[in-house]
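Structure, as structure tokens:
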Amino acid sequence: MAVSARACDWYTDNKAIQKMFCGCNSWSWACQLSALVCTFDDEFCPHRRSTSMRKDGDVVIGVFLSLYVYMYYTGVFTIKPMKEFYIMPLMPSSYQTYLAFTFAIEEINRNPHLLPNISLGYEFHNLIYSHWRILENSFILLTGQHEIPNYTCKRESKCAALLAEMSWGTSDQIGPLLELYRFPQVNFGSFDPTLTDSGQYPSLYQVAPKDTYLALGVVSLMLHFRWTWVGLLITEGQKGLQFLSDVRAEMDRNRVCVAFLKMVSTVAMSYLSAIQKHDVLTADTSSVNVVVIYYDTDSTHDVNYNIVQNLATWKVWVTNSQWHAGLDGRNFIHDPFHGTLVLAHHHKEIPGFKNFVKEVTPLKYPEDTYLFMYWSKNFGCSFSESDCALKNCTPNASLAWLPPNRFDTAMSDRSYNIYNAVYAVAHALHVMLFEVQRPPMRNRQVMMFPPWQLHRSLRNIQFHNPAGDEVNLEDRRKLDSEYDILNFQNFPEGLRLKVKVGTFTSHAPLGRKMSLSEEMIEWATGTTETPRSVCSESCNPGFRKSPREGKAACCFDCTPCADNEIANDTDMEQCVKCPNHQYTNSQQKHCLQKAVTFLAYEDPLGKALAGTALSLTVLTAAVLGLFVKHRDTPIVKANNRALSYTLLISLTCCFLCSLLFIGRPSTATCILQQTSFAVVFTVAVSSVLAKTITVVLAFKVTAPGRRMRQLLVSGAPNSIIPICSLIQLTLCGVWMGTNPPYIDTDAHSEHGHIIIVCNKGSLTAFYCVLGYLGSLALLSFTVAFLARNLPDTFNEAKFLTFSMLVFCSVWVTFLPVYHSTKGKVMVAMEIFSILTSSAGLLGCIFAPKCYIILLKPERNCLTGIRDKTHSVRKEPSYH
């Protein structure tokens, strides 16, 4: 509750009102308060002056502005005053707004093109935030007195419009009263979306630009500095809730997390109460380095002082343009607001305003009660006892001398808005009086008009103020907001500079909406390094974000990417898998192109295998040559000389076919690899089978003329080779006709390489061919094993048995090893099996014969054979 000096006089002069309040116990406290206030006012000169100010003119503009109020405490559980009332000091930012108002009035009166021959006056009332005082000022403005509502003592009304900083609550109080008269009201406070309802507030206009893009500007600032863990400090009220909704939507859209949300009460002057404190910043908010503050003008003191009580230094505050209203005039030992970033509406400097402020003195404006009080406070004045005039003041003093924390000559947003509001009313009056009414008025005789006639002009008015900025009062025609980003610098203490460090333009192209000069910013941390405010440090490339269960999206752990996956940027949600033709680098940041490779002749493994194959080929050819040279010897003739030649030739082809597996694969080589391997090995194995059957037939024929002898003489065992080979060729033909081998790539076997290999095509056909070959080998091994003990000098059944044992062992081992390897190793394994099995046949069958031919020639003759046979027959039996 608040009581002014004028209210005290009114209370003293109205005995009926005193009787109404003091006649009962329930209102006795009001009588005591009244006496206390009036006594106090009588003792001090500043309080004897009126809190309202008037300047006469042909047309008058009314203004409500809160400059100076009386406050007192009441108990929590009692209504009896606990202390004497408190006088709130004059706020410099509020008085600057009043000076901007008077400056606009005087500037218009000097302008020969705007309202010529008509003078503007004003009627100022100090706005005190209590229900009955707001209504009292409204009654005074409308009727000239406050005793009898709806009755006017004035013969004529010159007031054309009311300028006020109307919040949603204030408009609800004075709006219905002024609406009875359809009295124009122009709000110079920050834009309030709740006041745009033309049905509820048909006579209310707002001059301030919209804050539609304030939330976007704040979040753009977060994104620029990569702040993803941000606290929100929002004052209660319609505008605060609207901003909260907007800023949270923008933060969610841009993946910025709300670390905490605090709603601060907007009870005016709550900081005065010694027992009422808000825990604005607590332990759960201490880790947050950036806090966004949004508040209305009414609640600045709540926010400022509660932060000071917590000594919340070393924080970065991001706030809206009303912030400095609460900062002016305050000296903090530990200033928590140094480094604050403020988004203020962009406006040009009003020419002449700073010079006007320099020339403002109590002598020039003796009726200005507030200037009188402010001058006495700042320039060491005393009061004369006779008329309470100022004396002993600092000579030639000026408001411009004062430091910024005492008085700032740079025009604030609110001062700029009230300046535009005065010009809007003046332009509307000009249109109504000079462009609508005819003929023009003469001799300063202003035709009286009801205030409601001004609405049409106010609604459609659009003009450029003296600074060149466009002004209009129609909400739908207001331009998109453009913000100046200011840095509040208060080091050394008391400097209180507002340095423009950047701009934000909502209508600029994406990516160019914000421009900042970071080198000009002074941070609260005391360093030049940009502060960080994150819940978790960024995940470097090569790592992905792994959310923490139950935590905000900005709180996460960093997990390395899986094999063949990369993260090429910071804070990636998911790793990206490299294509098959690419592989990851060691840091898993980039995908690199894989090198195409195959088992080439240039590789050490390729060279070794090719050299081995050629060496064995030459060796087999040498054995064949040796056998051809000694073709007439008994050891060559034994066991069918033609079959030995066939086996040696097929083994030569086996060694040579392994070369098809080395080098860059093609469609032809892929087909030839499998068919040649299948056919030549079938010939080799069937040759071994034929030799084995020949041995058996040779030792089983005991009498001439028997059928077995006929089979042996006719060369029937030799027909086994073409028959077995024909069956294998048929299987290969089916394989090639259905799903033949083809060129394939293996991108996974070897890191960083794509291996070109031959795909088998039909695995069923491949295993049928291999199974058939294994069956022939098993059959050969079985027959040879049964004939291993047949007596003869050149019986090779034992060698055939051992050779097929080696052959089968190689290929039985080959199958599991083949399937456990990949890429070039698989190809090398197949070549190795071909060479090993072929070498096993060559060594086991032909090595003993070559030994006798080369080293034991005496055993390779008929005489030696007979002697050996005769000695065997004469050998006594031990059984």
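Numbering starts fresh at 1 for the residues of each chain in the structure tokens, the chains themselves are lettered A, B, ... in the order given, and ligands are numbered from 1 as they appear.
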
- Message: I want to know what sits within 12 Å of A:Trp811, based on only C-alpha atoms, with residues of the same chain fewer than 5 positions away left out; could you give that as a PyMOL selection string?
- Response: chain A and resi 681+770-771+773-775+777-778+804-806+816-818+829-838+840

- Which residues come within 10 Å of stretch 121-123 of chain A, counting only C-alpha atoms, excluding same-chain residues fewer than 3 positions away, as a list in words?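 The contact residues come out as Ser52, Met53, Arg54, Lys55, Asp56, Gly57, Asp58, Val59, Val60, Ile61, Gly62, Val63, Phe64, Phe101, Thr102, Ile105, Glu106, Asn109, Ile118, Ile140, Leu141, Lys158, Cys159, Ala160, Ala161 and Leu162 of chain A.
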
Include C-alpha atoms and write out the residues we just selected as a PDB file, in the first residue's frame.
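Final file, result_28.pdb:
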ATOM      1  CA  SER A  52       1.491  15.699  -9.916  1.00  0.00           C
ATOM      2  CA  MET A  53       2.703  18.181 -12.519  1.00  0.00           C
ATOM      3  CA  ARG A  54       0.844  20.128 -15.179  1.00  0.00           C
ATOM      4  CA  LYS A  55       1.696  22.312 -18.089  1.00  0.00           C
ATOM      5  CA  ASP A  56      -1.144  24.107 -19.784  1.00  0.00           C
ATOM      6  CA  GLY A  57      -1.667  23.987 -23.535  1.00  0.00           C
ATOM      7  CA  ASP A  58      -4.321  24.081 -26.199  1.00  0.00           C
ATOM      8  CA  VAL A  59      -4.363  20.270 -26.087  1.00  0.00           C
ATOM      9  CA  VAL A  60      -3.152  18.233 -23.120  1.00  0.00           C
ATOM     10  CA  ILE A  61      -1.670  14.744 -23.038  1.00  0.00           C
ATOM     11  CA  GLY A  62      -1.993  12.804 -19.801  1.00  0.00           C
ATOM     12  CA  VAL A  63       0.765  10.502 -18.555  1.00  0.00           C
ATOM     13  CA  PHE A  64       0.977   7.992 -15.715  1.00  0.00           C
ATOM     14  CA  PHE A 101       8.216  12.808 -22.503  1.00  0.00           C
ATOM     15  CA  THR A 102       8.766  16.513 -21.783  1.00  0.00           C
ATOM     16  CA  ILE A 105       6.341  17.923 -25.935  1.00  0.00           C
ATOM     17  CA  GLU A 106       8.750  20.851 -26.254  1.00  0.00           C
ATOM     18  CA  ASN A 109       5.734  22.823 -29.807  1.00  0.00           C
ATOM     19  CA  ILE A 118      -1.464  24.770 -31.317  1.00  0.00           C
ATOM     20  CA  ILE A 140      -8.399  13.187 -11.505  1.00  0.00           C
ATOM     21  CA  LEU A 141      -7.434  12.943 -15.171  1.00  0.00           C
ATOM     22  CA  LYS A 158      -8.352  19.438 -23.017  1.00  0.00           C
ATOM     23  CA  CYS A 159      -6.904  15.981 -22.372  1.00  0.00           C
ATOM     24  CA  ALA A 160      -6.748  14.082 -25.655  1.00  0.00           C
ATOM     25  CA  ALA A 161      -5.064  10.795 -24.644  1.00  0.00           C
ATOM     26  CA  LEU A 162      -3.375   8.983 -21.789  1.00  0.00           C
TER      27      LEU A 162
END

- Message: Just list as a count of residues only whatever in stretch 660-787 of chain A DSSP marks as alpha helix (DSSP H).
- Response: 85

- Hey, which of A:Thr652, A:Asn540, A:Thr527, A:Asn460 ends up closest to A:Thr559? Count only C-alpha atoms.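 Answer, going by the shortest atom-to-atom distance: A:Asn540.
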
- Mind checking DSSP for stretch 588-733 of chain A and telling me the strand (DSSP E) residues as a list in words? Cys591, Leu592, Gln593, Ala595, Val596 and Thr597 of chain A

Write to file, as a PDB file, in the first residue's frame, the residues of the selection just made, with N, CA, C and O atoms.
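The file below, selection_19.pdb, is the result:
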ATOM      1  N   CYS A 591      35.739 -42.144 -43.807  1.00  0.00           N
ATOM      2  CA  CYS A 591      35.734 -43.351 -44.630  1.00  0.00           C
ATOM      3  C   CYS A 591      36.764 -43.179 -45.742  1.00  0.00           C
ATOM      4  O   CYS A 591      36.740 -42.166 -46.460  1.00  0.00           O
ATOM      5  N   LEU A 592      37.650 -44.137 -45.869  1.00  0.00           N
ATOM      6  CA  LEU A 592      38.682 -44.095 -46.896  1.00  0.00           C
ATOM      7  C   LEU A 592      38.360 -45.115 -47.986  1.00  0.00           C
ATOM      8  O   LEU A 592      37.749 -46.147 -47.727  1.00  0.00           O
ATOM      9  N   GLN A 593      38.790 -44.789 -49.186  1.00  0.00           N
ATOM     10  CA  GLN A 593      38.539 -45.679 -50.304  1.00  0.00           C
ATOM     11  C   GLN A 593      39.393 -46.939 -50.166  1.00  0.00           C
ATOM     12  O   GLN A 593      40.610 -46.858 -49.928  1.00  0.00           O
ATOM     13  N   ALA A 595      41.470 -50.157 -51.279  1.00  0.00           N
ATOM     14  CA  ALA A 595      42.307 -50.513 -52.426  1.00  0.00           C
ATOM     15  C   ALA A 595      41.853 -51.866 -52.970  1.00  0.00           C
ATOM     16  O   ALA A 595      41.623 -52.813 -52.204  1.00  0.00           O
ATOM     17  N   VAL A 596      41.706 -51.953 -54.279  1.00  0.00           N
ATOM     18  CA  VAL A 596      41.300 -53.201 -54.922  1.00  0.00           C
ATOM     19  C   VAL A 596      42.515 -54.126 -54.997  1.00  0.00           C
ATOM     20  O   VAL A 596      43.588 -53.740 -55.468  1.00  0.00           O
ATOM     21  N   THR A 597      42.348 -55.342 -54.499  1.00  0.00           N
ATOM     22  CA  THR A 597      43.478 -56.260 -54.474  1.00  0.00           C
ATOM     23  C   THR A 597      43.009 -57.675 -54.815  1.00  0.00           C
ATOM     24  O   THR A 597      41.810 -57.961 -54.791  1.00  0.00           O
TER      25      THR A 597
END

- Task: Considering only C-alpha atoms, return as a PyMOL selection string whatever protein or nucleic-acid residues lie within 10 Å of A:Thr530, sequence-local ones (same chain, fewer than 5 positions apart) excluded.
- Result: chain A and resi 225-226+518-519+521-525

- Item | Nearest-residue call for A:Lys315, choices A:Ile350, A:Ala400, A:Val230, A:Cys575, using only C-alpha atoms |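 Closest to A:Lys315 of all the choices is A:Val230.
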
- Please provide as a PyMOL selection string all residues within 12 Å of A:Asn111, with the sequence filter that same-chain residues fewer than 6 positions apart are discarded (counting only C-alpha atoms). chain A and resi 104-105+117-120+423+426-427+466

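Considering the residues A:Ala208, A:Leu341, A:Leu614, A:Leu800 and counting only C-alpha atoms, A:Ala690 has its shortest atom-to-atom contact with A:Leu800.
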
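Distance-wise, atom CA of A:Phe661 and atom CA of A:Cys758 end up 8.8 Å apart.
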
- Query: Could you state the separation of atom CA of A:Gln206 and atom CA of A:His347 in Å, given to one decimal place?
  - Reply: 16.5 Å

- Message: Using only C-alpha atoms, which protein or nucleic acid residues come within 12 Å of A:Ser245? Drop anything in the same chain fewer than 5 positions from it, and give the result as a ChimeraX atom specification.
- Response: /A:212,214-216,232,234,238-240,250-252

- Message: Which residue is closest to A:Arg477? Choose from A:Tyr181, A:Pro209, A:Pro848, A:Tyr419 and count only C-alpha atoms.
- Response: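 Selected residue with least distance to A:Arg477: A:Pro209.
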
- Message: From the options A:Leu473, A:Leu842, A:Val812, A:Ile671, which residue's atoms come nearest to A:Ser644, counting only C-alpha atoms?
- Response: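 Of A:Leu473, A:Leu842, A:Val812, A:Ile671, the one nearest A:Ser644 is A:Leu842, counting only C-alpha atoms.
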
- State, in Å with one decimal place, the distance from atom CA of A:Met222 to atom CA of A:Tyr416. 27.9 Å
